[in-house]
$ cat input.cif   # mmCIF, C-alpha atoms
data_work
#
loop_
_atom_site.label_atom_id
_atom_site.label_comp_id
_atom_site.auth_asym_id
_atom_site.auth_seq_id
_atom_site.Cartn_x
_atom_site.Cartn_y
_atom_site.Cartn_z
CA MET A 1 94.15 18.31 47.60
CA GLY A 2 92.65 17.27 50.93
CA LYS A 3 94.92 19.62 52.88
CA LEU A 4 94.20 22.48 50.47
CA MET A 5 90.45 21.93 50.82
CA LEU A 6 90.74 21.93 54.62
CA LYS A 7 92.84 25.08 54.55
CA GLU A 8 90.26 26.83 52.34
CA LEU A 9 87.40 25.72 54.60
CA ASN A 10 89.21 26.98 57.71
CA LEU A 11 89.11 30.51 56.27
CA LEU A 12 85.31 30.46 56.34
CA THR A 13 83.02 31.46 59.13
CA LEU A 14 80.95 28.31 59.56
CA ARG A 15 78.38 27.27 62.12
CA LEU A 16 77.37 23.65 62.66
CA THR A 17 73.99 23.29 64.37
CA PRO A 18 72.16 20.10 65.35
CA TYR A 19 68.87 19.87 63.42
CA LEU A 20 66.10 17.71 64.88
CA MET A 21 63.56 16.25 62.44
CA MET A 22 60.34 15.44 64.27
CA ASP A 23 57.19 13.56 63.22
CA GLY A 24 54.52 16.16 63.91
CA ASN A 25 55.59 16.92 67.48
CA ALA A 26 58.25 19.62 67.01
CA ALA A 27 56.11 22.29 68.73
CA GLU A 28 55.62 19.94 71.69
CA ALA A 29 59.37 19.23 71.85
CA ILE A 30 60.19 22.95 71.71
CA HIS A 31 57.76 23.65 74.57
CA PHE A 32 59.29 20.77 76.53
CA TYR A 33 62.82 22.17 76.09
CA GLU A 34 61.59 25.64 77.12
CA GLN A 35 60.35 24.13 80.41
CA ALA A 36 63.08 21.54 81.00
CA LEU A 37 66.16 23.48 79.82
CA GLY A 38 65.11 27.15 79.85
CA ALA A 39 65.25 27.31 76.06
CA GLN A 40 64.40 30.57 74.30
CA VAL A 41 62.52 30.39 70.98
CA LEU A 42 64.41 32.50 68.41
CA PHE A 43 62.22 31.63 65.40
CA SER A 44 59.32 29.36 64.62
CA GLN A 45 57.25 28.98 61.44
CA THR A 46 54.64 26.41 60.41
CA PHE A 47 54.17 25.00 56.92
CA GLY A 48 50.91 26.98 56.82
CA GLU A 49 52.85 30.24 57.34
CA MET A 50 55.21 29.60 54.42
CA PRO A 51 54.61 31.25 51.04
CA GLU A 52 52.09 29.19 49.07
CA ASP A 53 53.16 27.28 45.97
CA PRO A 54 50.18 26.70 43.62
CA ASN A 55 52.05 23.75 42.03
CA PHE A 56 52.19 21.96 45.39
CA PRO A 57 49.01 22.62 47.42
CA LEU A 58 49.52 22.15 51.14
CA PRO A 59 47.47 19.34 52.74
CA ALA A 60 45.42 20.43 55.75
CA GLU A 61 47.27 18.02 58.06
CA ALA A 62 50.59 19.77 57.28
CA LYS A 63 49.54 23.35 58.01
CA ASN A 64 50.20 23.31 61.77
CA ARG A 65 53.43 21.32 61.56
CA VAL A 66 56.68 23.24 62.16
CA SER A 67 58.53 23.94 58.91
CA HIS A 68 61.50 25.51 60.72
CA ALA A 69 62.31 26.66 64.23
CA MET A 70 65.40 27.63 66.18
CA ILE A 71 65.83 27.71 69.93
CA LYS A 72 68.72 28.83 72.11
CA ILE A 73 69.76 26.84 75.17
CA GLY A 74 72.54 28.63 76.99
CA GLU A 75 75.08 29.46 74.29
CA SER A 76 73.93 26.72 71.90
CA ASP A 77 71.32 26.66 69.16
CA LEU A 78 69.04 23.78 68.15
CA MET A 79 67.01 23.75 64.94
CA PHE A 80 63.74 21.86 64.44
CA SER A 81 61.38 20.84 61.70
CA ASP A 82 58.52 18.41 61.40
CA ILE A 83 58.64 16.03 58.48
CA PHE A 84 55.92 16.43 55.89
CA PRO A 85 52.97 14.07 56.50
CA GLY A 86 53.62 10.71 54.88
CA GLN A 87 57.42 11.02 54.77
CA PRO A 88 59.34 8.19 56.38
CA HIS A 89 60.58 8.91 59.89
CA GLU A 90 62.70 6.64 62.03
CA ARG A 91 62.91 7.51 65.69
CA GLY A 92 66.54 7.80 66.77
CA SER A 93 67.84 8.92 63.37
CA GLN A 94 66.19 12.32 63.28
CA VAL A 95 69.30 14.38 64.09
CA THR A 96 71.12 16.03 61.17
CA ILE A 97 73.78 18.76 61.10
CA CYS A 98 73.09 22.12 59.50
CA ILE A 99 76.21 23.84 58.09
CA THR A 100 75.64 27.57 57.71
CA THR A 101 77.75 29.84 55.51
CA GLU A 102 77.32 33.18 53.74
CA ASP A 103 79.19 32.10 50.59
CA LYS A 104 77.29 30.26 47.81
CA ASP A 105 80.53 29.04 46.22
CA LYS A 106 81.75 27.53 49.49
CA ALA A 107 78.32 25.97 50.06
CA LYS A 108 78.63 24.28 46.65
CA GLN A 109 82.19 23.17 47.38
CA MET A 110 81.16 21.55 50.69
CA PHE A 111 78.02 19.99 49.17
CA ASP A 112 80.01 18.51 46.28
CA ALA A 113 82.67 17.15 48.63
CA LEU A 114 80.13 15.58 51.00
CA GLN A 115 78.20 13.85 48.21
CA GLN A 116 81.28 11.89 47.06
CA GLY A 117 80.32 8.32 47.90
CA GLY A 118 77.16 9.60 49.59
CA GLN A 119 73.60 10.36 48.55
CA VAL A 120 71.92 13.65 47.66
CA LYS A 121 68.60 13.99 49.50
CA MET A 122 67.78 17.45 48.07
CA PRO A 123 69.94 19.05 45.35
CA LEU A 124 71.68 22.31 46.23
CA GLN A 125 69.31 25.01 44.95
CA GLU A 126 67.79 28.42 45.58
CA THR A 127 64.77 28.34 47.89
CA PHE A 128 62.50 31.03 49.28
CA PHE A 129 64.60 31.02 52.48
CA SER A 130 68.13 30.64 51.07
CA PRO A 131 70.08 31.47 47.91
CA SER A 132 71.64 27.99 48.12
CA TYR A 133 70.29 25.10 50.21
CA GLY A 134 70.55 21.33 49.93
CA ILE A 135 70.61 18.10 51.92
CA VAL A 136 73.21 15.38 51.50
CA THR A 137 74.07 12.19 53.38
CA ASP A 138 77.80 11.50 53.31
CA ARG A 139 79.43 8.11 52.81
CA PHE A 140 79.41 7.55 56.59
CA GLY A 141 75.63 7.96 56.86
CA VAL A 142 75.75 11.46 58.40
CA THR A 143 73.16 13.83 56.93
CA PHE A 144 74.10 17.48 56.43
CA GLN A 145 71.90 20.41 55.50
CA ILE A 146 73.96 23.03 53.66
CA TYR A 147 72.38 26.44 54.27
CA THR A 148 73.57 29.72 52.75
CA GLU A 149 72.49 32.82 54.64
CA GLY A 150 71.28 36.00 52.99
CA LYS A 151 70.59 36.94 49.41
CA GLU A 152 73.47 37.44 47.00
#
$ encode --input "input.cif" --output "structure tokens"
Amino acid sequence: MGKLMLKELNLLTLRLTPYLMMDGNAAEAIHFYEQALGAQVLFSQTFGEMPEDPNFPLPAEAKNRVSHAMIKIGESDLMFSDIFPGQPHERGSQVTICITTEDKDKAKQMFDALQQGGQVKMPLQETFFSPSYGIVTDRFGVTFQIYTEGKE
């Protein structure tokens, strides 16, 4: 089964992108990488710019934090987000890997495989930015964000 799963995954177009989780200083880090590495900002959005959810009012201290950003350095992309105020953050463990696909079924297959012996941080679900998104830490302690592009 392992070889079959690998063969099926090799047929996909997948992108793996480092995702940096910051503690309120993502905008500062992005600006630093623009200056230090010639990074180009491809996208940046704060929590305050996201669609409002009346069930979960946004605290004032979260509004200017980065909810999602992507920069390009040479041929490589880096993604960023600030954690929500009050969430635990451990310096040095803020790098995760974002796996991007266009296929919801493959996203589910990868998510299910990675959670075996691991821990689900956010169940795979539809969000305002993805038809299927979730966060899982595998049995080796590596955290993956599974992101499905587009609307199906």
$ residues_around --input "input.cif" --residues "Lys63 of chain A" --least-positions-apart "4" --cutoff "12 Å" --atoms "only C-alpha atoms" --output "list of chain:residue names"
A:Gly24, A:Gln45, A:Thr46, A:Phe47, A:Gly48, A:Glu49, A:Met50, A:Pro51, A:Glu52, A:Pro57, A:Leu58, A:Pro59, A:Ser67, A:Asp82, A:Ile83, A:Phe84, A:Pro85
$ atom_distance --input "input.cif" --atom1 "atom CA of Phe128 of chain A" --atom2 "atom CA of Phe43 of chain A"
16.1 Å
$ atom_distance --input "input.cif" --atom1 "atom CA of Ala26 of chain A" --atom2 "atom CA of Asp77 of chain A"
15.0 Å
$ atom_distance --input "input.cif" --atom1 "atom CA of Leu37 of chain A" --atom2 "atom CA of Glu149 of chain A"
27.6 Å
$ closest_residue --input "input.cif" --among "A:Ile73, A:Met22, A:Met79, A:Ile30" --to "Ile99 of chain A" --atoms "all atoms listed in the file"
A:Met79
$ closest_residue --input "input.cif" --among "A:Arg65, A:Lys108, A:Leu78, A:Pro131" --to "Leu16 of chain A" --atoms "only C-alpha atoms"
A:Leu78
$ closest_residue --input "input.cif" --among "A:Ala39, A:Leu20, A:Ala29, A:Ala62" --to "Ser76 of chain A" --atoms "all atoms listed in the file"
A:Ala39
$ resolve_selection --input "input.cif" --expression "the PyMOL selection byres ((chain A and resi 95) around 7)" --output "tab-separated table (two decimals) with C-alpha atoms, in the coordinates of the input"
chain	number	residue	atom	x	y	z
A	18	PRO	CA	72.16	20.10	65.35
A	19	TYR	CA	68.87	19.87	63.42
A	20	LEU	CA	66.10	17.71	64.88
A	21	MET	CA	63.56	16.25	62.44
A	93	SER	CA	67.84	8.92	63.37
A	94	GLN	CA	66.19	12.32	63.28
A	96	THR	CA	71.12	16.03	61.17
A	97	ILE	CA	73.78	18.76	61.10
$ closest_residue --input "input.cif" --among "A:Asn55, A:Gln87, A:Gly38, A:Asn64" --to "Asp23 of chain A" --atoms "only C-alpha atoms"
A:Gln87
$ resolve_selection --input "input.cif" --expression "the PyMOL selection byres ((chain A and resi 114-121) around 10)" --output "NGL selection string"
:A and (108-113 or 122-124 or 134-145)
$ decode --input "input.cif" --residues "segment 87-126 of chain A" --atoms "N, CA and C atoms" --output "PDB file, in the first residue's frame"
ATOM      1  N   GLN A  87      -2.222  32.855  21.785  1.00  0.00           N
ATOM      2  CA  GLN A  87      -1.857  31.490  21.417  1.00  0.00           C
ATOM      3  C   GLN A  87      -0.414  31.221  21.833  1.00  0.00           C
ATOM      4  N   PRO A  88      -0.108  29.987  22.171  1.00  0.00           N
ATOM      5  CA  PRO A  88       1.280  29.689  22.542  1.00  0.00           C
ATOM      6  C   PRO A  88       2.201  29.809  21.324  1.00  0.00           C
ATOM      7  N   HIS A  89       3.389  30.304  21.551  1.00  0.00           N
ATOM      8  CA  HIS A  89       4.373  30.461  20.487  1.00  0.00           C
ATOM      9  C   HIS A  89       5.743  30.170  21.062  1.00  0.00           C
ATOM     10  N   GLU A  90       6.448  29.258  20.441  1.00  0.00           N
ATOM     11  CA  GLU A  90       7.785  28.912  20.906  1.00  0.00           C
ATOM     12  C   GLU A  90       8.783  29.276  19.827  1.00  0.00           C
ATOM     13  N   ARG A  91       9.632  30.214  20.123  1.00  0.00           N
ATOM     14  CA  ARG A  91      10.633  30.659  19.166  1.00  0.00           C
ATOM     15  C   ARG A  91      11.507  29.475  18.767  1.00  0.00           C
ATOM     16  N   GLY A  92      11.723  29.318  17.466  1.00  0.00           N
ATOM     17  CA  GLY A  92      12.526  28.210  16.966  1.00  0.00           C
ATOM     18  C   GLY A  92      11.690  27.071  16.423  1.00  0.00           C
ATOM     19  N   SER A  93      10.399  27.032  16.757  1.00  0.00           N
ATOM     20  CA  SER A  93       9.536  25.960  16.253  1.00  0.00           C
ATOM     21  C   SER A  93       8.413  26.530  15.396  1.00  0.00           C
ATOM     22  N   GLN A  94       8.629  27.735  14.861  1.00  0.00           N
ATOM     23  CA  GLN A  94       7.559  28.400  14.144  1.00  0.00           C
ATOM     24  C   GLN A  94       7.494  28.057  12.662  1.00  0.00           C
ATOM     25  N   VAL A  95       8.346  27.170  12.160  1.00  0.00           N
ATOM     26  CA  VAL A  95       8.334  26.831  10.749  1.00  0.00           C
ATOM     27  C   VAL A  95       7.488  25.579  10.524  1.00  0.00           C
ATOM     28  N   THR A  96       6.500  25.690   9.650  1.00  0.00           N
ATOM     29  CA  THR A  96       5.694  24.544   9.230  1.00  0.00           C
ATOM     30  C   THR A  96       5.852  24.416   7.717  1.00  0.00           C
ATOM     31  N   ILE A  97       5.254  23.382   7.134  1.00  0.00           N
ATOM     32  CA  ILE A  97       5.304  23.178   5.691  1.00  0.00           C
ATOM     33  C   ILE A  97       3.888  23.189   5.158  1.00  0.00           C
ATOM     34  N   CYS A  98       3.642  24.041   4.183  1.00  0.00           N
ATOM     35  CA  CYS A  98       2.332  24.118   3.545  1.00  0.00           C
ATOM     36  C   CYS A  98       2.359  23.276   2.275  1.00  0.00           C
ATOM     37  N   ILE A  99       1.480  22.262   2.193  1.00  0.00           N
ATOM     38  CA  ILE A  99       1.346  21.445   0.990  1.00  0.00           C
ATOM     39  C   ILE A  99       0.134  21.951   0.230  1.00  0.00           C
ATOM     40  N   THR A 100       0.358  22.385  -0.998  1.00  0.00           N
ATOM     41  CA  THR A 100      -0.704  22.956  -1.825  1.00  0.00           C
ATOM     42  C   THR A 100      -1.065  21.990  -2.947  1.00  0.00           C
ATOM     43  N   THR A 101      -2.367  21.771  -3.108  1.00  0.00           N
ATOM     44  CA  THR A 101      -2.891  20.941  -4.187  1.00  0.00           C
ATOM     45  C   THR A 101      -4.183  21.574  -4.700  1.00  0.00           C
ATOM     46  N   GLU A 102      -4.650  21.115  -5.855  1.00  0.00           N
ATOM     47  CA  GLU A 102      -5.923  21.594  -6.393  1.00  0.00           C
ATOM     48  C   GLU A 102      -7.025  20.558  -6.228  1.00  0.00           C
ATOM     49  N   ASP A 103      -6.707  19.417  -5.631  1.00  0.00           N
ATOM     50  CA  ASP A 103      -7.623  18.276  -5.562  1.00  0.00           C
ATOM     51  C   ASP A 103      -8.030  18.002  -4.111  1.00  0.00           C
ATOM     52  N   LYS A 104      -9.330  18.235  -3.798  1.00  0.00           N
ATOM     53  CA  LYS A 104      -9.823  18.019  -2.428  1.00  0.00           C
ATOM     54  C   LYS A 104      -9.647  16.576  -1.969  1.00  0.00           C
ATOM     55  N   ASP A 105      -9.852  15.617  -2.859  1.00  0.00           N
ATOM     56  CA  ASP A 105      -9.710  14.208  -2.487  1.00  0.00           C
ATOM     57  C   ASP A 105      -8.265  13.876  -2.117  1.00  0.00           C
ATOM     58  N   LYS A 106      -7.327  14.407  -2.879  1.00  0.00           N
ATOM     59  CA  LYS A 106      -5.911  14.169  -2.579  1.00  0.00           C
ATOM     60  C   LYS A 106      -5.520  14.886  -1.290  1.00  0.00           C
ATOM     61  N   ALA A 107      -6.077  16.070  -1.056  1.00  0.00           N
ATOM     62  CA  ALA A 107      -5.809  16.779   0.192  1.00  0.00           C
ATOM     63  C   ALA A 107      -6.256  15.917   1.372  1.00  0.00           C
ATOM     64  N   LYS A 108      -7.429  15.326   1.261  1.00  0.00           N
ATOM     65  CA  LYS A 108      -7.943  14.457   2.331  1.00  0.00           C
ATOM     66  C   LYS A 108      -7.051  13.225   2.504  1.00  0.00           C
ATOM     67  N   GLN A 109      -6.638  12.633   1.390  1.00  0.00           N
ATOM     68  CA  GLN A 109      -5.784  11.448   1.449  1.00  0.00           C
ATOM     69  C   GLN A 109      -4.468  11.763   2.174  1.00  0.00           C
ATOM     70  N   MET A 110      -3.846  12.897   1.837  1.00  0.00           N
ATOM     71  CA  MET A 110      -2.586  13.270   2.486  1.00  0.00           C
ATOM     72  C   MET A 110      -2.805  13.596   3.963  1.00  0.00           C
ATOM     73  N   PHE A 111      -3.877  14.335   4.262  1.00  0.00           N
ATOM     74  CA  PHE A 111      -4.188  14.704   5.644  1.00  0.00           C
ATOM     75  C   PHE A 111      -4.394  13.449   6.487  1.00  0.00           C
ATOM     76  N   ASP A 112      -5.197  12.508   5.967  1.00  0.00           N
ATOM     77  CA  ASP A 112      -5.465  11.268   6.696  1.00  0.00           C
ATOM     78  C   ASP A 112      -4.188  10.461   6.920  1.00  0.00           C
ATOM     79  N   ALA A 113      -3.329  10.416   5.906  1.00  0.00           N
ATOM     80  CA  ALA A 113      -2.078   9.662   6.038  1.00  0.00           C
ATOM     81  C   ALA A 113      -1.155  10.311   7.074  1.00  0.00           C
ATOM     82  N   LEU A 114      -1.048  11.636   7.044  1.00  0.00           N
ATOM     83  CA  LEU A 114      -0.154  12.336   7.963  1.00  0.00           C
ATOM     84  C   LEU A 114      -0.621  12.279   9.414  1.00  0.00           C
ATOM     85  N   GLN A 115      -1.928  12.155   9.636  1.00  0.00           N
ATOM     86  CA  GLN A 115      -2.416  12.139  11.021  1.00  0.00           C
ATOM     87  C   GLN A 115      -2.248  10.780  11.699  1.00  0.00           C
ATOM     88  N   GLN A 116      -1.887   9.744  10.955  1.00  0.00           N
ATOM     89  CA  GLN A 116      -1.672   8.427  11.551  1.00  0.00           C
ATOM     90  C   GLN A 116      -0.500   8.493  12.529  1.00  0.00           C
ATOM     91  N   GLY A 117      -0.786   8.346  13.793  1.00  0.00           N
ATOM     92  CA  GLY A 117       0.237   8.439  14.828  1.00  0.00           C
ATOM     93  C   GLY A 117       0.615   9.875  15.159  1.00  0.00           C
ATOM     94  N   GLY A 118      -0.077  10.831  14.551  1.00  0.00           N
ATOM     95  CA  GLY A 118       0.219  12.247  14.782  1.00  0.00           C
ATOM     96  C   GLY A 118      -0.917  12.923  15.527  1.00  0.00           C
ATOM     97  N   GLN A 119      -1.046  14.231  15.325  1.00  0.00           N
ATOM     98  CA  GLN A 119      -2.062  15.004  16.039  1.00  0.00           C
ATOM     99  C   GLN A 119      -2.660  16.055  15.113  1.00  0.00           C
ATOM    100  N   VAL A 120      -3.989  16.063  15.032  1.00  0.00           N
ATOM    101  CA  VAL A 120      -4.695  17.068  14.236  1.00  0.00           C
ATOM    102  C   VAL A 120      -4.731  18.374  15.022  1.00  0.00           C
ATOM    103  N   LYS A 121      -4.232  19.450  14.415  1.00  0.00           N
ATOM    104  CA  LYS A 121      -4.255  20.772  15.025  1.00  0.00           C
ATOM    105  C   LYS A 121      -5.507  21.537  14.605  1.00  0.00           C
ATOM    106  N   MET A 122      -5.927  21.346  13.348  1.00  0.00           N
ATOM    107  CA  MET A 122      -7.161  21.928  12.818  1.00  0.00           C
ATOM    108  C   MET A 122      -7.723  20.926  11.820  1.00  0.00           C
ATOM    109  N   PRO A 123      -8.941  20.421  12.043  1.00  0.00           N
ATOM    110  CA  PRO A 123      -9.513  19.432  11.128  1.00  0.00           C
ATOM    111  C   PRO A 123      -9.579  19.962   9.691  1.00  0.00           C
ATOM    112  N   LEU A 124      -9.455  19.068   8.742  1.00  0.00           N
ATOM    113  CA  LEU A 124      -9.575  19.425   7.330  1.00  0.00           C
ATOM    114  C   LEU A 124     -11.005  19.880   7.083  1.00  0.00           C
ATOM    115  N   GLN A 125     -11.166  21.123   6.589  1.00  0.00           N
ATOM    116  CA  GLN A 125     -12.502  21.700   6.442  1.00  0.00           C
ATOM    117  C   GLN A 125     -12.499  22.824   5.422  1.00  0.00           C
ATOM    118  N   GLU A 126     -13.693  23.209   4.975  1.00  0.00           N
ATOM    119  CA  GLU A 126     -13.830  24.351   4.088  1.00  0.00           C
ATOM    120  C   GLU A 126     -13.657  25.621   4.907  1.00  0.00           C
TER     121      GLU A 126
END
